[in-house]
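Engineer: This is target07.tsv (TSV, C-alpha atoms).
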chain	number	residue	atom	x	y	z
X	1	MET	CA	84.62	70.72	98.59
X	2	ALA	CA	84.05	72.33	101.95
X	3	VAL	CA	80.75	74.03	102.66
X	4	ILE	CA	80.82	77.44	104.27
X	5	ALA	CA	78.40	77.72	107.17
X	6	VAL	CA	76.74	81.08	107.52
X	7	SER	CA	75.12	81.91	110.81
X	8	ALA	CA	71.53	83.01	110.42
X	9	ALA	CA	71.97	85.15	113.52
X	10	LEU	CA	74.72	87.24	111.90
X	11	THR	CA	73.46	90.74	111.26
X	12	SER	CA	75.13	94.05	110.61
X	13	SER	CA	74.65	94.98	114.26
X	14	THR	CA	76.68	91.97	115.42
X	15	VAL	CA	79.51	92.54	112.96
X	16	ALA	CA	81.30	95.36	114.76
X	17	GLY	CA	78.27	97.06	116.18
X	18	ALA	CA	76.60	99.12	113.47
X	19	GLN	CA	77.04	102.20	115.66
X	20	GLU	CA	80.79	101.52	115.94
X	21	LEU	CA	81.43	101.52	112.19
X	22	PRO	CA	82.64	104.84	110.82
X	23	ALA	CA	79.90	106.50	108.77
X	24	SER	CA	82.03	106.37	105.63
X	25	ILE	CA	82.05	102.56	105.50
X	26	GLN	CA	78.51	101.81	106.70
X	27	ALA	CA	76.14	100.08	104.29
X	28	PRO	CA	72.60	101.11	105.28
X	29	GLY	CA	69.90	98.70	104.15
X	30	GLU	CA	72.32	95.79	103.72
X	31	THR	CA	72.66	92.74	105.95
X	32	ALA	CA	75.64	90.54	106.67
X	33	LEU	CA	75.92	87.45	104.53
X	34	LEU	CA	79.26	86.15	105.82
X	35	LYS	CA	82.06	87.27	108.14
X	36	VAL	CA	85.59	85.86	107.92
X	37	HIS	CA	88.85	86.61	109.67
X	38	ALA	CA	91.97	87.16	107.56
X	39	GLU	CA	95.61	86.69	108.50
X	40	GLY	CA	98.39	87.43	106.07
X	41	ALA	CA	100.51	90.24	104.71
X	42	GLN	CA	100.22	93.50	102.84
X	43	VAL	CA	102.93	93.58	100.18
X	44	TYR	CA	104.61	96.86	99.19
X	45	GLU	CA	107.04	97.73	96.42
X	46	CYS	CA	109.61	100.49	96.44
X	47	ALA	CA	108.81	102.57	93.34
X	48	ALA	CA	108.52	106.16	92.15
X	49	ASP	CA	105.37	107.89	93.38
X	50	ALA	CA	103.40	110.53	91.45
X	51	ALA	CA	106.04	113.13	92.35
X	52	GLY	CA	108.84	110.89	91.09
X	53	LYS	CA	110.24	110.14	94.57
X	54	LEU	CA	110.87	106.63	95.80
X	55	ALA	CA	108.15	105.49	98.18
X	56	TRP	CA	106.59	102.28	99.43
X	57	LEU	CA	103.56	101.70	97.18
X	58	PHE	CA	100.93	99.09	97.99
X	59	ARG	CA	101.15	96.12	95.64
X	60	GLU	CA	98.82	93.36	96.91
X	61	PRO	CA	97.35	91.53	99.87
X	62	ILE	CA	98.04	87.86	100.54
X	63	ALA	CA	95.89	86.32	103.27
X	64	THR	CA	94.18	83.18	104.44
X	65	LEU	CA	90.49	83.47	105.39
X	66	PHE	CA	89.22	81.72	108.51
X	67	GLN	CA	85.82	81.03	110.02
X	68	ASP	CA	85.47	79.23	113.36
X	69	GLY	CA	89.20	78.44	113.26
X	70	LYS	CA	89.00	76.64	109.91
X	71	THR	CA	90.49	77.79	106.61
X	72	VAL	CA	87.63	78.80	104.29
X	73	GLY	CA	89.41	80.70	101.54
X	74	ARG	CA	92.01	83.19	100.47
X	75	HIS	CA	92.38	86.91	99.74
X	76	TYR	CA	94.72	88.20	97.05
X	77	ALA	CA	95.40	90.89	94.43
X	78	GLY	CA	92.40	92.38	92.68
X	79	PRO	CA	91.38	92.70	95.51
X	80	LYS	CA	89.70	89.29	95.39
X	81	TRP	CA	88.27	86.90	97.95
X	82	GLU	CA	87.82	83.25	97.00
X	83	LEU	CA	86.17	80.64	99.20
X	84	THR	CA	86.71	76.89	99.25
X	85	ASP	CA	83.18	76.48	97.83
X	86	THR	CA	84.64	78.13	94.63
X	87	SER	CA	82.62	81.34	95.00
X	88	GLY	CA	84.51	84.58	94.79
X	89	VAL	CA	84.20	88.31	94.45
X	90	GLN	CA	86.43	91.13	93.28
X	91	GLY	CA	85.95	94.46	95.00
X	92	LYS	CA	86.41	98.11	94.15
X	93	VAL	CA	87.20	100.53	96.98
X	94	GLU	CA	84.40	103.04	97.64
X	95	ALA	CA	85.39	104.51	101.01
X	96	LYS	CA	88.06	104.41	103.72
X	97	ALA	CA	88.31	105.10	107.43
X	98	PRO	CA	91.56	105.18	109.42
X	99	GLY	CA	92.71	102.14	111.38
X	100	ALA	CA	92.95	102.35	115.17
X	101	THR	CA	96.66	103.25	115.07
X	102	THR	CA	99.12	104.43	112.42
X	103	ALA	CA	100.43	100.85	112.23
X	104	ASP	CA	96.97	99.58	111.18
X	105	ILE	CA	95.75	99.66	107.58
X	106	ALA	CA	92.52	101.51	106.86
X	107	TRP	CA	89.06	100.11	107.28
X	108	LEU	CA	87.39	99.87	103.87
X	109	LYS	CA	84.04	99.69	102.13
X	110	LEU	CA	84.25	97.99	98.72
X	111	ALA	CA	81.61	97.40	96.07
X	112	ALA	CA	81.42	93.90	94.60
X	113	ALA	CA	82.50	94.56	91.01
X	114	VAL	CA	82.81	90.99	89.70
X	115	HIS	CA	81.48	87.63	90.96
X	116	PHE	CA	82.98	84.29	89.95
X	117	GLY	CA	82.32	80.64	90.82
X	118	GLN	CA	79.18	79.63	92.70
X	119	GLY	CA	78.50	79.52	96.41
X	120	ALA	CA	78.30	81.65	99.55
X	121	LEU	CA	79.55	84.89	97.94
X	122	ASP	CA	77.04	84.90	95.05
X	123	ALA	CA	74.82	87.53	96.69
X	124	ALA	CA	77.60	89.72	98.12
X	125	MET	CA	77.18	93.34	97.04
X	126	THR	CA	79.44	95.11	99.54
X	127	ILE	CA	82.59	94.10	101.41
X	128	GLN	CA	83.77	95.80	104.59
X	129	ARG	CA	87.30	95.44	105.96
X	130	ILE	CA	87.18	96.13	109.70
X	131	ASN	CA	89.12	95.45	112.91
X	132	THR	CA	92.47	95.82	111.17
X	133	HIS	CA	95.73	95.15	113.00
X	134	GLY	CA	99.08	95.93	111.37
X	135	GLY	CA	99.74	96.00	107.65
X	136	ALA	CA	100.81	99.64	107.35
X	137	LEU	CA	104.32	100.46	106.15
X	138	ASP	CA	106.02	103.77	106.67
X	139	GLY	CA	109.52	105.03	106.17
X	140	PRO	CA	111.94	105.46	103.32
X	141	CYS	CA	112.66	102.97	100.61
X	142	GLU	CA	116.05	103.22	98.99
X	143	ALA	CA	116.11	100.76	96.09
X	144	ALA	CA	113.44	100.71	93.41
X	145	GLY	CA	112.07	97.24	92.81
X	146	THR	CA	112.51	95.99	96.37
X	147	PHE	CA	109.55	94.49	98.23
X	148	ARG	CA	108.48	94.41	101.83
X	149	SER	CA	105.68	92.38	103.43
X	150	VAL	CA	103.93	93.60	106.57
X	151	ALA	CA	101.86	91.16	108.65
X	152	TYR	CA	98.20	92.09	109.15
X	153	SER	CA	94.89	90.72	110.28
X	154	ALA	CA	91.38	91.97	109.63
X	155	ASP	CA	87.77	90.90	109.50
X	156	TYR	CA	85.95	90.95	106.18
X	157	VAL	CA	82.18	91.23	106.17
X	158	PHE	CA	80.29	90.40	102.98
X	159	LEU	CA	76.90	92.11	102.79
X	160	LYS	CA	73.81	91.59	100.66
X	161	LYS	CA	70.91	93.90	99.82
Show me the file's structure as structure tokens.
Structural biologist:
Amino acid sequence: MAVIAVSAALTSSTVAGAQELPASIQAPGETALLKVHAEGAQVYECAADAAGKLAWLFREPIATLFQDGKTVGRHYAGPKWELTDTSGVQGKVEAKAPGATTADIAWLKLAAAVHFGQGALDAAMTIQRINTHGGALDGPCEAAGTFRSVAYSADYVFLKK
């Protein structure tokens, strides 16, 4: 099993610059436990929305997690993050902030709702999705049940109290 190295110098101010984070996704009083880079896709399904019209609805993320250029885990539906040390966390969205462009998915603040396995994510209480690129899907969908994947990348920061 691979061991995830966590830099002792990593703090919330080095993550994206605490001042740069939108107020809605800040986590005052928490410090960074681990930061990983994700590359993958946001998967959408063409289905009826609340008004009964066909629309692209978010289904799930599928991404590989990297640290220092090495694969350290995966991100998938739940939303869940699982590291190669077997630790994992499932999050629940608490707040959003818009991405830099309309093509970029939102920045998020998620609460750690469930922990599983043992390892680096054991103490994670909050997850921030920042520095998003791509992943947003716009436009009409014409056939219910069709899927579309949109490439994205983001940084995920796991914070502890």
Engineer: Excluding Glu30 (chain X) and its own-chain neighbours fewer than 5 positions away, which residues fall within 6 Å of it when counting all atoms listed in the file? Please give them as a list in words.
Structural biologist: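 The contact residues come out as Leu159, Lys160 and Lys161 of chain X.
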Engineer: Neighbours of Leu137 (chain X) within 8 Å (only C-alpha atoms; same-chain residues fewer than 2 positions away dropped), as a PyMOL selection string?
Structural biologist: chain X and resi 44+56+103+135+139+150
Engineer: Skipping near chain neighbours, those fewer than 2 positions away, what residues fall within 6 Å of Ala112 (chain X) using only C-alpha atoms, listed as a VMD selection string?
Structural biologist: chain X and resid 90 to 91 114 125 to 126
Engineer: Using all atoms listed in the file, which of X:Ala151, X:Ala136, X:Ala111, X:Ala144 sits nearest Phe58 (chain X)?
Structural biologist: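 The answer is X:Ala136, which sits nearest to Phe58 (chain X).
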Engineer: List every protein, DNA or RNA residue that has at least one atom no more than 7 Å from (83.8, 79.2, 88.5) in the file's coordinates, counting all atoms listed in the file, and write the result as an MDAnalysis selection string.
Structural biologist: chainID X and resid 86:87 116:118
Engineer: Could you check the closest approach to Asp85 (chain X) for each of X:Ala48, X:Ala97, X:Leu121, X:Ile62 and tell me which residue wins, using all atoms listed in the file?
Structural biologist: X:Leu121
Engineer: Please, what distance in Å, to one decimal, runs between CA of Lys80 (chain X) and CA of Glu20 (chain X)?
Structural biologist: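 Rounded to one decimal, the two atoms are 25.5 Å apart.
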Engineer: Rank nothing, just name the residue among X:Gln26, X:Gln42, X:Asn131, X:Thr64 nearest to Gly99 (chain X), using all atoms listed in the file.
Structural biologist: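 Nearest candidate to Gly99 (chain X) out of X:Gln26, X:Gln42, X:Asn131, X:Thr64: X:Asn131.
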Engineer: Near Ser24 (chain X), within 12 Å and counting only C-alpha atoms, which residues show up once chain neighbours fewer than 4 positions away are dropped, as a list in words?
Structural biologist: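 In the requested form, the answer reads Ala18, Gln19, Glu20, Pro28, Val93, Glu94, Ala95, Lys96, Ala97, Pro98, Ala106, Trp107, Leu108, Lys109, Leu110 and Gln128 of chain X.
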Engineer: I need the residues from that last selection saved to file as a CSV table (one decimal), in the frame of the given file (with C-alpha atoms), if you can.
Structural biologist:
chain,number,residue,atom,x,y,z
X,18,ALA,CA,76.6,99.1,113.5
X,19,GLN,CA,77.0,102.2,115.7
X,20,GLU,CA,80.8,101.5,115.9
X,28,PRO,CA,72.6,101.1,105.3
X,93,VAL,CA,87.2,100.5,97.0
X,94,GLU,CA,84.4,103.0,97.6
X,95,ALA,CA,85.4,104.5,101.0
X,96,LYS,CA,88.1,104.4,103.7
X,97,ALA,CA,88.3,105.1,107.4
X,98,PRO,CA,91.6,105.2,109.4
X,106,ALA,CA,92.5,101.5,106.9
X,107,TRP,CA,89.1,100.1,107.3
X,108,LEU,CA,87.4,99.9,103.9
X,109,LYS,CA,84.0,99.7,102.1
X,110,LEU,CA,84.2,98.0,98.7
X,128,GLN,CA,83.8,95.8,104.6
Engineer: Residues near region 32-41 of chain X, anyone? I mean within 8 Å using only C-alpha atoms, not counting same-chain ones fewer than 3 positions away, as a VMD selection string.
Structural biologist: chain X and resid 6 to 7 10 to 12 15 61 to 67 75 120 to 121 123 to 124 135 149 to 160
Engineer: Between CA of Gly88 (chain X) and CA of His115 (chain X), what is the distance in Å, rounded to a tenth?
Structural biologist: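 One can read the CA of Gly88 (chain X) to CA of His115 (chain X) distance as 5.8 Å.
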